[in-house]
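A short write-up of the structure that comes next.
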Amino acid sequence: MNDLAMWLGYAVMACAGTALVAVVLFGLSYLCVTIVNKWIKAMMRAYDLNILRKTMRQLEAEGKVSKKAGVRP
């Protein structure tokens, strides 16, 4: 009977350890995904802003837009 209780205790500890490792790995992966998503969004905003600035400079050079008045008729 003691052997059965000992093996049952080991099995419970093994399952608990596996569950704990799984929870820690899930938490770390969730944290990494969150950080990477924020970084990607920041990079996309910077890229879009650079594209917008480049486009506005081109339109100003063509005379279609002025800085003060906005769009020229």
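Labels used: A, B, ... for chains in the order of the structure tokens, numbers from 1 for residues in each chain, and numbers from 1 for ligands as shown.
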Run DSSP on the backbone of this structure and report the residues of chain A it assigns to alpha helix (DSSP H), as a tab-separated table (two decimals) with all heavy atoms, in the first residue's frame.
chain	number	residue	atom	x	y	z
A	2	ASN	N	1.97	1.22	0.74
A	2	ASN	CA	2.87	2.37	0.77
A	2	ASN	C	3.52	2.61	-0.59
A	2	ASN	O	3.75	3.75	-0.97
A	2	ASN	CB	3.95	2.19	1.83
A	2	ASN	CG	3.42	2.42	3.23
A	2	ASN	OD1	2.39	3.06	3.40
A	2	ASN	ND2	4.11	1.89	4.23
A	3	ASP	N	3.83	1.51	-1.29
A	3	ASP	CA	4.41	1.66	-2.63
A	3	ASP	C	3.43	2.35	-3.58
A	3	ASP	O	3.84	3.21	-4.37
A	3	ASP	CB	4.81	0.30	-3.21
A	3	ASP	CG	6.04	-0.28	-2.53
A	3	ASP	OD1	6.78	0.52	-1.91
A	3	ASP	OD2	6.24	-1.50	-2.62
A	4	LEU	N	2.16	1.96	-3.51
A	4	LEU	CA	1.14	2.59	-4.35
A	4	LEU	C	1.01	4.08	-4.03
A	4	LEU	O	0.96	4.91	-4.94
A	4	LEU	CB	-0.21	1.89	-4.16
A	4	LEU	CG	-1.37	2.43	-4.99
A	4	LEU	CD1	-1.08	2.27	-6.47
A	4	LEU	CD2	-2.65	1.74	-4.60
A	5	ALA	N	0.99	4.41	-2.75
A	5	ALA	CA	0.88	5.82	-2.34
A	5	ALA	C	2.11	6.60	-2.80
A	5	ALA	O	2.00	7.76	-3.23
A	5	ALA	CB	0.72	5.91	-0.83
A	6	MET	N	3.30	5.96	-2.71
A	6	MET	CA	4.52	6.63	-3.14
A	6	MET	C	4.48	6.91	-4.65
A	6	MET	O	4.78	8.02	-5.08
A	6	MET	CB	5.73	5.75	-2.81
A	6	MET	CG	7.05	6.42	-3.14
A	6	MET	SD	8.45	5.40	-2.69
A	6	MET	CE	8.29	4.06	-3.84
A	7	TRP	N	4.09	5.92	-5.45
A	7	TRP	CA	4.02	6.12	-6.89
A	7	TRP	C	2.94	7.13	-7.27
A	7	TRP	O	3.11	7.93	-8.18
A	7	TRP	CB	3.79	4.80	-7.61
A	7	TRP	CG	5.04	3.98	-7.67
A	7	TRP	CD1	5.34	2.87	-6.97
A	7	TRP	CD2	6.17	4.25	-8.49
A	7	TRP	NE1	6.58	2.41	-7.28
A	7	TRP	CE2	7.13	3.25	-8.22
A	7	TRP	CE3	6.49	5.23	-9.42
A	7	TRP	CZ2	8.36	3.21	-8.84
A	7	TRP	CZ3	7.72	5.19	-10.04
A	7	TRP	CH2	8.66	4.18	-9.75
A	8	LEU	N	1.83	7.09	-6.55
A	8	LEU	CA	0.77	8.06	-6.79
A	8	LEU	C	1.26	9.48	-6.47
A	8	LEU	O	1.00	10.42	-7.22
A	8	LEU	CB	-0.46	7.72	-5.94
A	8	LEU	CG	-1.72	8.56	-6.19
A	8	LEU	CD1	-2.17	8.39	-7.64
A	8	LEU	CD2	-2.81	8.15	-5.24
A	9	GLY	N	2.01	9.64	-5.39
A	9	GLY	CA	2.58	10.94	-5.03
A	9	GLY	C	3.57	11.42	-6.08
A	9	GLY	O	3.57	12.61	-6.45
A	10	TYR	N	4.41	10.51	-6.56
A	10	TYR	CA	5.36	10.89	-7.62
A	10	TYR	C	4.63	11.31	-8.89
A	10	TYR	O	5.04	12.26	-9.56
A	10	TYR	CB	6.31	9.74	-7.93
A	10	TYR	CG	7.36	9.50	-6.88
A	10	TYR	CD1	7.85	8.23	-6.65
A	10	TYR	CD2	7.88	10.54	-6.12
A	10	TYR	CE1	8.82	7.99	-5.68
A	10	TYR	CE2	8.86	10.32	-5.16
A	10	TYR	CZ	9.33	9.04	-4.94
A	10	TYR	OH	10.28	8.83	-4.00
A	11	ALA	N	3.56	10.59	-9.23
A	11	ALA	CA	2.80	10.92	-10.43
A	11	ALA	C	2.15	12.30	-10.30
A	11	ALA	O	2.17	13.11	-11.24
A	11	ALA	CB	1.74	9.87	-10.69
A	12	VAL	N	1.62	12.60	-9.12
A	12	VAL	CA	1.00	13.91	-8.90
A	12	VAL	C	2.05	15.01	-8.98
A	12	VAL	O	1.83	16.06	-9.60
A	12	VAL	CB	0.26	13.93	-7.54
A	12	VAL	CG1	-0.14	15.35	-7.17
A	12	VAL	CG2	-0.96	13.03	-7.59
A	13	MET	N	3.21	14.77	-8.38
A	13	MET	CA	4.28	15.77	-8.45
A	13	MET	C	4.77	15.97	-9.88
A	13	MET	O	5.05	17.09	-10.29
A	13	MET	CB	5.44	15.36	-7.54
A	13	MET	CG	5.17	15.57	-6.07
A	13	MET	SD	6.63	15.40	-5.03
A	13	MET	CE	7.02	13.67	-5.23
A	14	ALA	N	4.88	14.89	-10.63
A	14	ALA	CA	5.32	15.01	-12.02
A	14	ALA	C	4.31	15.80	-12.84
A	14	ALA	O	4.69	16.66	-13.64
A	14	ALA	CB	5.54	13.62	-12.61
A	15	CYS	N	3.03	15.51	-12.65
A	15	CYS	CA	1.99	16.24	-13.38
A	15	CYS	C	1.97	17.71	-12.98
A	15	CYS	O	1.84	18.60	-13.84
A	15	CYS	CB	0.62	15.62	-13.12
A	15	CYS	SG	0.40	14.02	-13.91
A	16	ALA	N	2.13	17.99	-11.69
A	16	ALA	CA	2.15	19.37	-11.23
A	16	ALA	C	3.38	20.10	-11.78
A	16	ALA	O	3.29	21.26	-12.19
A	16	ALA	CB	2.14	19.42	-9.71
A	17	GLY	N	4.52	19.43	-11.80
A	17	GLY	CA	5.73	20.05	-12.36
A	17	GLY	C	5.58	20.34	-13.85
A	17	GLY	O	5.97	21.41	-14.32
A	18	THR	N	5.00	19.40	-14.57
A	18	THR	CA	4.77	19.59	-16.00
A	18	THR	C	3.80	20.74	-16.23
A	18	THR	O	4.02	21.58	-17.13
A	18	THR	CB	4.22	18.30	-16.64
A	18	THR	OG1	5.13	17.23	-16.38
A	18	THR	CG2	4.02	18.46	-18.12
A	19	ALA	N	2.74	20.81	-15.44
A	19	ALA	CA	1.77	21.90	-15.58
A	19	ALA	C	2.42	23.25	-15.25
A	19	ALA	O	2.18	24.25	-15.94
A	19	ALA	CB	0.57	21.66	-14.67
A	20	LEU	N	3.27	23.28	-14.23
A	20	LEU	CA	3.95	24.52	-13.87
A	20	LEU	C	4.89	24.98	-14.99
A	20	LEU	O	4.91	26.17	-15.35
A	20	LEU	CB	4.74	24.33	-12.57
A	20	LEU	CG	5.48	25.55	-12.04
A	20	LEU	CD1	4.50	26.65	-11.68
A	20	LEU	CD2	6.33	25.17	-10.85
A	21	VAL	N	5.65	24.07	-15.56
A	21	VAL	CA	6.54	24.40	-16.66
A	21	VAL	C	5.73	24.90	-17.86
A	21	VAL	O	6.11	25.88	-18.51
A	21	VAL	CB	7.43	23.20	-17.05
A	21	VAL	CG1	8.15	23.43	-18.36
A	21	VAL	CG2	8.42	22.90	-15.94
A	22	ALA	N	4.60	24.26	-18.14
A	22	ALA	CA	3.75	24.68	-19.25
A	22	ALA	C	3.20	26.09	-19.03
A	22	ALA	O	3.18	26.91	-19.95
A	22	ALA	CB	2.60	23.70	-19.45
A	23	VAL	N	2.79	26.39	-17.80
A	23	VAL	CA	2.25	27.72	-17.50
A	23	VAL	C	3.35	28.77	-17.63
A	23	VAL	O	3.13	29.85	-18.20
A	23	VAL	CB	1.63	27.75	-16.09
A	23	VAL	CG1	1.37	29.17	-15.62
A	23	VAL	CG2	0.35	26.95	-16.08
A	24	VAL	N	4.55	28.48	-17.14
A	24	VAL	CA	5.66	29.43	-17.26
A	24	VAL	C	6.02	29.65	-18.72
A	24	VAL	O	6.21	30.80	-19.16
A	24	VAL	CB	6.88	28.93	-16.46
A	24	VAL	CG1	8.12	29.74	-16.79
A	24	VAL	CG2	6.60	28.98	-14.96
A	25	LEU	N	6.09	28.60	-19.51
A	25	LEU	CA	6.40	28.75	-20.94
A	25	LEU	C	5.32	29.53	-21.67
A	25	LEU	O	5.61	30.37	-22.53
A	25	LEU	CB	6.62	27.39	-21.58
A	25	LEU	CG	7.90	26.67	-21.19
A	25	LEU	CD1	7.94	25.28	-21.83
A	25	LEU	CD2	9.12	27.46	-21.59
A	26	PHE	N	4.07	29.27	-21.33
A	26	PHE	CA	2.97	30.01	-21.95
A	26	PHE	C	3.06	31.49	-21.60
A	26	PHE	O	2.88	32.35	-22.45
A	26	PHE	CB	1.62	29.44	-21.50
A	26	PHE	CG	0.45	30.19	-22.06
A	26	PHE	CD1	0.06	30.01	-23.37
A	26	PHE	CD2	-0.25	31.08	-21.26
A	26	PHE	CE1	-1.02	30.72	-23.89
A	26	PHE	CE2	-1.32	31.79	-21.78
A	26	PHE	CZ	-1.71	31.61	-23.08
A	27	GLY	N	3.33	31.78	-20.33
A	27	GLY	CA	3.46	33.17	-19.90
A	27	GLY	C	4.60	33.88	-20.60
A	27	GLY	O	4.46	35.02	-21.06
A	28	LEU	N	5.74	33.22	-20.72
A	28	LEU	CA	6.89	33.82	-21.41
A	28	LEU	C	6.60	34.03	-22.89
A	28	LEU	O	6.97	35.06	-23.45
A	28	LEU	CB	8.13	32.96	-21.22
A	28	LEU	CG	8.74	32.98	-19.82
A	28	LEU	CD1	9.90	31.98	-19.74
A	28	LEU	CD2	9.21	34.37	-19.45
A	29	SER	N	5.95	33.06	-23.52
A	29	SER	CA	5.65	33.21	-24.94
A	29	SER	C	4.63	34.33	-25.16
A	29	SER	O	4.76	35.11	-26.11
A	29	SER	CB	5.13	31.90	-25.54
A	29	SER	OG	3.89	31.56	-24.97
A	30	TYR	N	3.66	34.46	-24.27
A	30	TYR	CA	2.69	35.54	-24.37
A	30	TYR	C	3.37	36.89	-24.20
A	30	TYR	O	3.08	37.84	-24.94
A	30	TYR	CB	1.59	35.36	-23.31
A	30	TYR	CG	0.49	36.37	-23.40
A	30	TYR	CD1	-0.50	36.25	-24.37
A	30	TYR	CD2	0.43	37.46	-22.54
A	30	TYR	CE1	-1.52	37.18	-24.48
A	30	TYR	CE2	-0.58	38.39	-22.63
A	30	TYR	CZ	-1.55	38.25	-23.60
A	30	TYR	OH	-2.56	39.18	-23.70
A	31	LEU	N	4.29	36.98	-23.27
A	31	LEU	CA	5.04	38.21	-23.06
A	31	LEU	C	5.88	38.56	-24.29
A	31	LEU	O	5.89	39.72	-24.73
A	31	LEU	CB	5.94	38.06	-21.83
A	31	LEU	CG	6.79	39.28	-21.46
A	31	LEU	CD1	5.90	40.43	-21.01
A	31	LEU	CD2	7.77	38.90	-20.37
A	32	CYS	N	6.54	37.58	-24.86
A	32	CYS	CA	7.35	37.82	-26.06
A	32	CYS	C	6.49	38.26	-27.23
A	32	CYS	O	6.85	39.20	-27.96
A	32	CYS	CB	8.13	36.56	-26.43
A	32	CYS	SG	9.48	36.21	-25.31
A	33	VAL	N	5.35	37.64	-27.42
A	33	VAL	CA	4.45	38.01	-28.52
A	33	VAL	C	3.95	39.44	-28.33
A	33	VAL	O	3.88	40.22	-29.28
A	33	VAL	CB	3.28	37.01	-28.62
A	33	VAL	CG1	2.16	37.54	-29.49
A	33	VAL	CG2	3.77	35.68	-29.15
A	34	THR	N	3.62	39.81	-27.10
A	34	THR	CA	3.15	41.15	-26.82
A	34	THR	C	4.22	42.18	-27.13
A	34	THR	O	3.96	43.21	-27.76
A	34	THR	CB	2.71	41.27	-25.34
A	34	THR	OG1	1.70	40.29	-25.07
A	34	THR	CG2	2.18	42.65	-25.04
A	35	ILE	N	5.45	41.91	-26.70
A	35	ILE	CA	6.55	42.84	-26.95
A	35	ILE	C	6.82	42.96	-28.45
A	35	ILE	O	6.99	44.07	-28.97
A	35	ILE	CB	7.81	42.38	-26.19
A	35	ILE	CG1	7.61	42.58	-24.69
A	35	ILE	CG2	9.04	43.14	-26.67
A	35	ILE	CD1	8.68	41.94	-23.84
A	36	VAL	N	6.85	41.85	-29.15
A	36	VAL	CA	7.11	41.88	-30.59
A	36	VAL	C	5.99	42.60	-31.33
A	36	VAL	O	6.26	43.38	-32.26
A	36	VAL	CB	7.32	40.45	-31.13
A	36	VAL	CG1	7.30	40.42	-32.64
A	36	VAL	CG2	8.63	39.88	-30.61
A	37	ASN	N	4.73	42.39	-30.94
A	37	ASN	CA	3.63	43.08	-31.60
A	37	ASN	C	3.73	44.59	-31.42
A	37	ASN	O	3.49	45.35	-32.35
A	37	ASN	CB	2.28	42.58	-31.09
A	37	ASN	CG	1.88	41.28	-31.73
A	37	ASN	OD1	2.37	40.93	-32.78
A	37	ASN	ND2	0.97	40.57	-31.09
A	38	LYS	N	4.08	45.03	-30.20
A	38	LYS	CA	4.24	46.46	-29.97
A	38	LYS	C	5.38	47.02	-30.81
A	38	LYS	O	5.28	48.11	-31.37
A	38	LYS	CB	4.48	46.75	-28.49
A	38	LYS	CG	3.24	46.61	-27.66
A	38	LYS	CD	3.49	47.01	-26.22
A	38	LYS	CE	2.22	46.89	-25.42
A	38	LYS	NZ	2.40	47.34	-24.05
A	39	TRP	N	6.47	46.28	-30.91
A	39	TRP	CA	7.62	46.72	-31.70
A	39	TRP	C	7.25	46.81	-33.17
A	39	TRP	O	7.59	47.78	-33.84
A	39	TRP	CB	8.77	45.74	-31.48
A	39	TRP	CG	10.00	46.11	-32.24
A	39	TRP	CD1	10.88	47.11	-31.95
A	39	TRP	CD2	10.47	45.48	-33.43
A	39	TRP	NE1	11.87	47.12	-32.89
A	39	TRP	CE2	11.66	46.14	-33.81
A	39	TRP	CE3	10.02	44.42	-34.21
A	39	TRP	CZ2	12.38	45.78	-34.94
A	39	TRP	CZ3	10.74	44.06	-35.33
A	39	TRP	CH2	11.90	44.73	-35.68
A	40	ILE	N	6.53	45.81	-33.67
A	40	ILE	CA	6.12	45.81	-35.08
A	40	ILE	C	5.18	46.98	-35.37
A	40	ILE	O	5.31	47.66	-36.39
A	40	ILE	CB	5.47	44.47	-35.47
A	40	ILE	CG1	6.54	43.38	-35.54
A	40	ILE	CG2	4.72	44.57	-36.79
A	40	ILE	CD1	6.00	41.99	-35.75
A	41	LYS	N	4.24	47.25	-34.46
A	41	LYS	CA	3.32	48.37	-34.67
A	41	LYS	C	4.08	49.69	-34.68
A	41	LYS	O	3.78	50.57	-35.49
A	41	LYS	CB	2.24	48.38	-33.59
A	41	LYS	CG	1.20	47.30	-33.79
A	41	LYS	CD	0.15	47.34	-32.70
A	41	LYS	CE	-0.84	46.21	-32.89
A	41	LYS	NZ	-1.84	46.18	-31.82
A	42	ALA	N	5.05	49.84	-33.79
A	42	ALA	CA	5.85	51.07	-33.77
A	42	ALA	C	6.64	51.22	-35.06
A	42	ALA	O	6.75	52.32	-35.62
A	42	ALA	CB	6.79	51.07	-32.57
A	43	MET	N	7.21	50.12	-35.55
A	43	MET	CA	7.96	50.17	-36.80
A	43	MET	C	7.05	50.52	-37.98
A	43	MET	O	7.44	51.27	-38.87
A	43	MET	CB	8.66	48.83	-37.06
A	43	MET	CG	9.74	48.51	-36.06
A	43	MET	SD	11.09	49.68	-36.08
A	43	MET	CE	11.85	49.23	-37.60
A	44	MET	N	5.84	49.98	-37.99
A	44	MET	CA	4.90	50.29	-39.06
A	44	MET	C	4.49	51.75	-39.02
A	44	MET	O	4.38	52.40	-40.07
A	44	MET	CB	3.67	49.38	-38.96
A	44	MET	CG	3.96	47.94	-39.37
A	44	MET	SD	2.57	46.85	-39.14
A	44	MET	CE	1.42	47.49	-40.31
A	45	ARG	N	4.26	52.30	-37.82
A	45	ARG	CA	3.91	53.72	-37.71
A	45	ARG	C	5.05	54.59	-38.23
A	45	ARG	O	4.83	55.57	-38.94
A	45	ARG	CB	3.60	54.08	-36.26
A	45	ARG	CG	2.18	53.78	-35.84
A	45	ARG	CD	1.87	54.42	-34.51
A	45	ARG	NE	2.74	53.93	-33.46
A	45	ARG	CZ	2.42	52.99	-32.60
A	45	ARG	NH1	1.24	52.44	-32.63
A	45	ARG	NH2	3.28	52.59	-31.68
A	46	ALA	N	6.28	54.25	-37.85
A	46	ALA	CA	7.44	55.03	-38.32
A	46	ALA	C	7.57	54.93	-39.84
A	46	ALA	O	7.84	55.94	-40.51
A	46	ALA	CB	8.71	54.53	-37.63
A	47	TYR	N	7.37	53.74	-40.38
A	47	TYR	CA	7.46	53.55	-41.84
A	47	TYR	C	6.37	54.36	-42.55
A	47	TYR	O	6.64	55.03	-43.54
A	47	TYR	CB	7.32	52.07	-42.18
A	47	TYR	CG	7.34	51.78	-43.66
A	47	TYR	CD1	8.52	51.84	-44.38
A	47	TYR	CD2	6.16	51.46	-44.33
A	47	TYR	CE1	8.53	51.58	-45.74
A	47	TYR	CE2	6.17	51.20	-45.68
A	47	TYR	CZ	7.36	51.26	-46.38
A	47	TYR	OH	7.36	51.01	-47.72
A	48	ASP	N	5.13	54.28	-42.03
A	48	ASP	CA	4.03	55.02	-42.64
A	48	ASP	C	4.29	56.52	-42.57
A	48	ASP	O	3.99	57.25	-43.52
A	48	ASP	CB	2.71	54.69	-41.96
A	48	ASP	CG	2.21	53.29	-42.30
A	48	ASP	OD1	2.71	52.71	-43.28
A	48	ASP	OD2	1.34	52.78	-41.57
A	49	LEU	N	4.83	57.00	-41.45
A	49	LEU	CA	5.12	58.42	-41.31
A	49	LEU	C	6.20	58.85	-42.30
A	49	LEU	O	6.09	59.91	-42.92
A	49	LEU	CB	5.57	58.73	-39.88
A	49	LEU	CG	5.77	60.19	-39.52
A	49	LEU	CD1	4.48	60.97	-39.76
A	49	LEU	CD2	6.21	60.31	-38.09
A	50	ASN	N	7.21	58.03	-42.49
A	50	ASN	CA	8.25	58.35	-43.46
A	50	ASN	C	7.70	58.38	-44.88
A	50	ASN	O	8.06	59.25	-45.68
A	50	ASN	CB	9.42	57.36	-43.36
A	50	ASN	CG	10.24	57.57	-42.12
A	50	ASN	OD1	10.26	58.66	-41.56
A	50	ASN	ND2	10.93	56.52	-41.69
A	51	ILE	N	6.84	57.43	-45.21
A	51	ILE	CA	6.21	57.40	-46.54
A	51	ILE	C	5.35	58.65	-46.73
A	51	ILE	O	5.37	59.28	-47.80
A	51	ILE	CB	5.36	56.12	-46.71
A	51	ILE	CG1	6.26	54.89	-46.73
A	51	ILE	CG2	4.52	56.19	-47.98
A	51	ILE	CD1	7.20	54.82	-47.90
A	52	LEU	N	4.59	59.03	-45.70
A	52	LEU	CA	3.75	60.22	-45.79
A	52	LEU	C	4.60	61.48	-46.01
A	52	LEU	O	4.27	62.32	-46.85
A	52	LEU	CB	2.90	60.36	-44.53
A	52	LEU	CG	1.99	61.58	-44.46
A	52	LEU	CD1	0.97	61.54	-45.58
A	52	LEU	CD2	1.32	61.65	-43.11
A	53	ARG	N	5.68	61.60	-45.26
A	53	ARG	CA	6.56	62.76	-45.43
A	53	ARG	C	7.16	62.81	-46.84
A	53	ARG	O	7.22	63.87	-47.46
A	53	ARG	CB	7.68	62.72	-44.39
A	53	ARG	CG	7.22	63.06	-43.01
A	53	ARG	CD	8.37	62.97	-42.03
A	53	ARG	NE	7.90	63.28	-40.69
A	53	ARG	CZ	8.50	62.88	-39.59
A	53	ARG	NH1	9.62	62.16	-39.67
A	53	ARG	NH2	8.02	63.20	-38.42
A	54	LYS	N	7.59	61.66	-47.32
A	54	LYS	CA	8.17	61.60	-48.66
A	54	LYS	C	7.12	61.99	-49.71
A	54	LYS	O	7.41	62.76	-50.64
A	54	LYS	CB	8.67	60.18	-48.92
A	54	LYS	CG	9.35	59.98	-50.23
A	54	LYS	CD	9.84	58.54	-50.36
A	54	LYS	CE	10.42	58.27	-51.72
A	54	LYS	NZ	10.82	56.87	-51.86
A	55	THR	N	5.91	61.51	-49.56
A	55	THR	CA	4.84	61.83	-50.50
A	55	THR	C	4.50	63.32	-50.46
A	55	THR	O	4.31	63.95	-51.49
A	55	THR	CB	3.59	60.98	-50.19
A	55	THR	OG1	3.95	59.60	-50.22
A	55	THR	CG2	2.49	61.24	-51.20
A	56	MET	N	4.45	63.88	-49.25
A	56	MET	CA	4.14	65.30	-49.13
A	56	MET	C	5.25	66.16	-49.75
A	56	MET	O	4.96	67.16	-50.40
A	56	MET	CB	3.94	65.69	-47.66
A	56	MET	CG	2.65	65.16	-47.06
A	56	MET	SD	1.17	65.67	-47.94
A	56	MET	CE	1.16	67.40	-47.55
A	57	ARG	N	6.50	65.78	-49.56
A	57	ARG	CA	7.60	66.52	-50.20
A	57	ARG	C	7.48	66.46	-51.72
A	57	ARG	O	7.72	67.45	-52.41
A	57	ARG	CB	8.95	65.94	-49.75
A	57	ARG	CG	9.35	66.36	-48.38
A	57	ARG	CD	10.79	65.94	-48.07
A	57	ARG	NE	10.93	65.79	-46.64
A	57	ARG	CZ	11.14	64.66	-45.99
A	57	ARG	NH1	11.28	63.53	-46.66
A	57	ARG	NH2	11.25	64.62	-44.69
A	58	GLN	N	7.13	65.30	-52.23
A	58	GLN	CA	6.97	65.15	-53.68
A	58	GLN	C	5.82	66.02	-54.20
A	58	GLN	O	5.95	66.68	-55.23
A	58	GLN	CB	6.73	63.68	-54.02
A	58	GLN	CG	6.59	63.42	-55.51
A	58	GLN	CD	6.32	61.95	-55.80
A	58	GLN	OE1	6.26	61.14	-54.89
A	58	GLN	NE2	6.15	61.64	-57.06
A	59	LEU	N	4.71	66.02	-53.48
A	59	LEU	CA	3.57	66.85	-53.89
A	59	LEU	C	3.90	68.33	-53.81
A	59	LEU	O	3.45	69.12	-54.65
A	59	LEU	CB	2.34	66.51	-53.05
A	59	LEU	CG	1.70	65.14	-53.31
A	59	LEU	CD1	0.60	64.88	-52.30
A	59	LEU	CD2	1.18	65.05	-54.72
A	60	GLU	N	4.66	68.73	-52.78
A	60	GLU	CA	5.08	70.13	-52.68
A	60	GLU	C	6.00	70.49	-53.84
A	60	GLU	O	5.89	71.60	-54.39
A	60	GLU	CB	5.81	70.37	-51.36
A	60	GLU	CG	4.89	70.44	-50.16
A	60	GLU	CD	5.66	70.57	-48.86
A	60	GLU	OE1	6.90	70.72	-48.89
A	60	GLU	OE2	5.01	70.50	-47.81
A	61	ALA	N	6.88	69.59	-54.21
A	61	ALA	CA	7.79	69.86	-55.33
A	61	ALA	C	7.02	69.99	-56.64
A	61	ALA	O	7.40	70.77	-57.51
A	61	ALA	CB	8.84	68.75	-55.43
A	62	GLU	N	5.94	69.25	-56.79
A	62	GLU	CA	5.13	69.32	-58.00
A	62	GLU	C	4.18	70.52	-57.98
A	62	GLU	O	3.53	70.82	-58.97
A	62	GLU	CB	4.32	68.03	-58.16
A	62	GLU	CG	5.17	66.81	-58.45
A	62	GLU	CD	4.36	65.52	-58.45
A	62	GLU	OE1	3.13	65.57	-58.24
A	62	GLU	OE2	4.97	64.46	-58.63
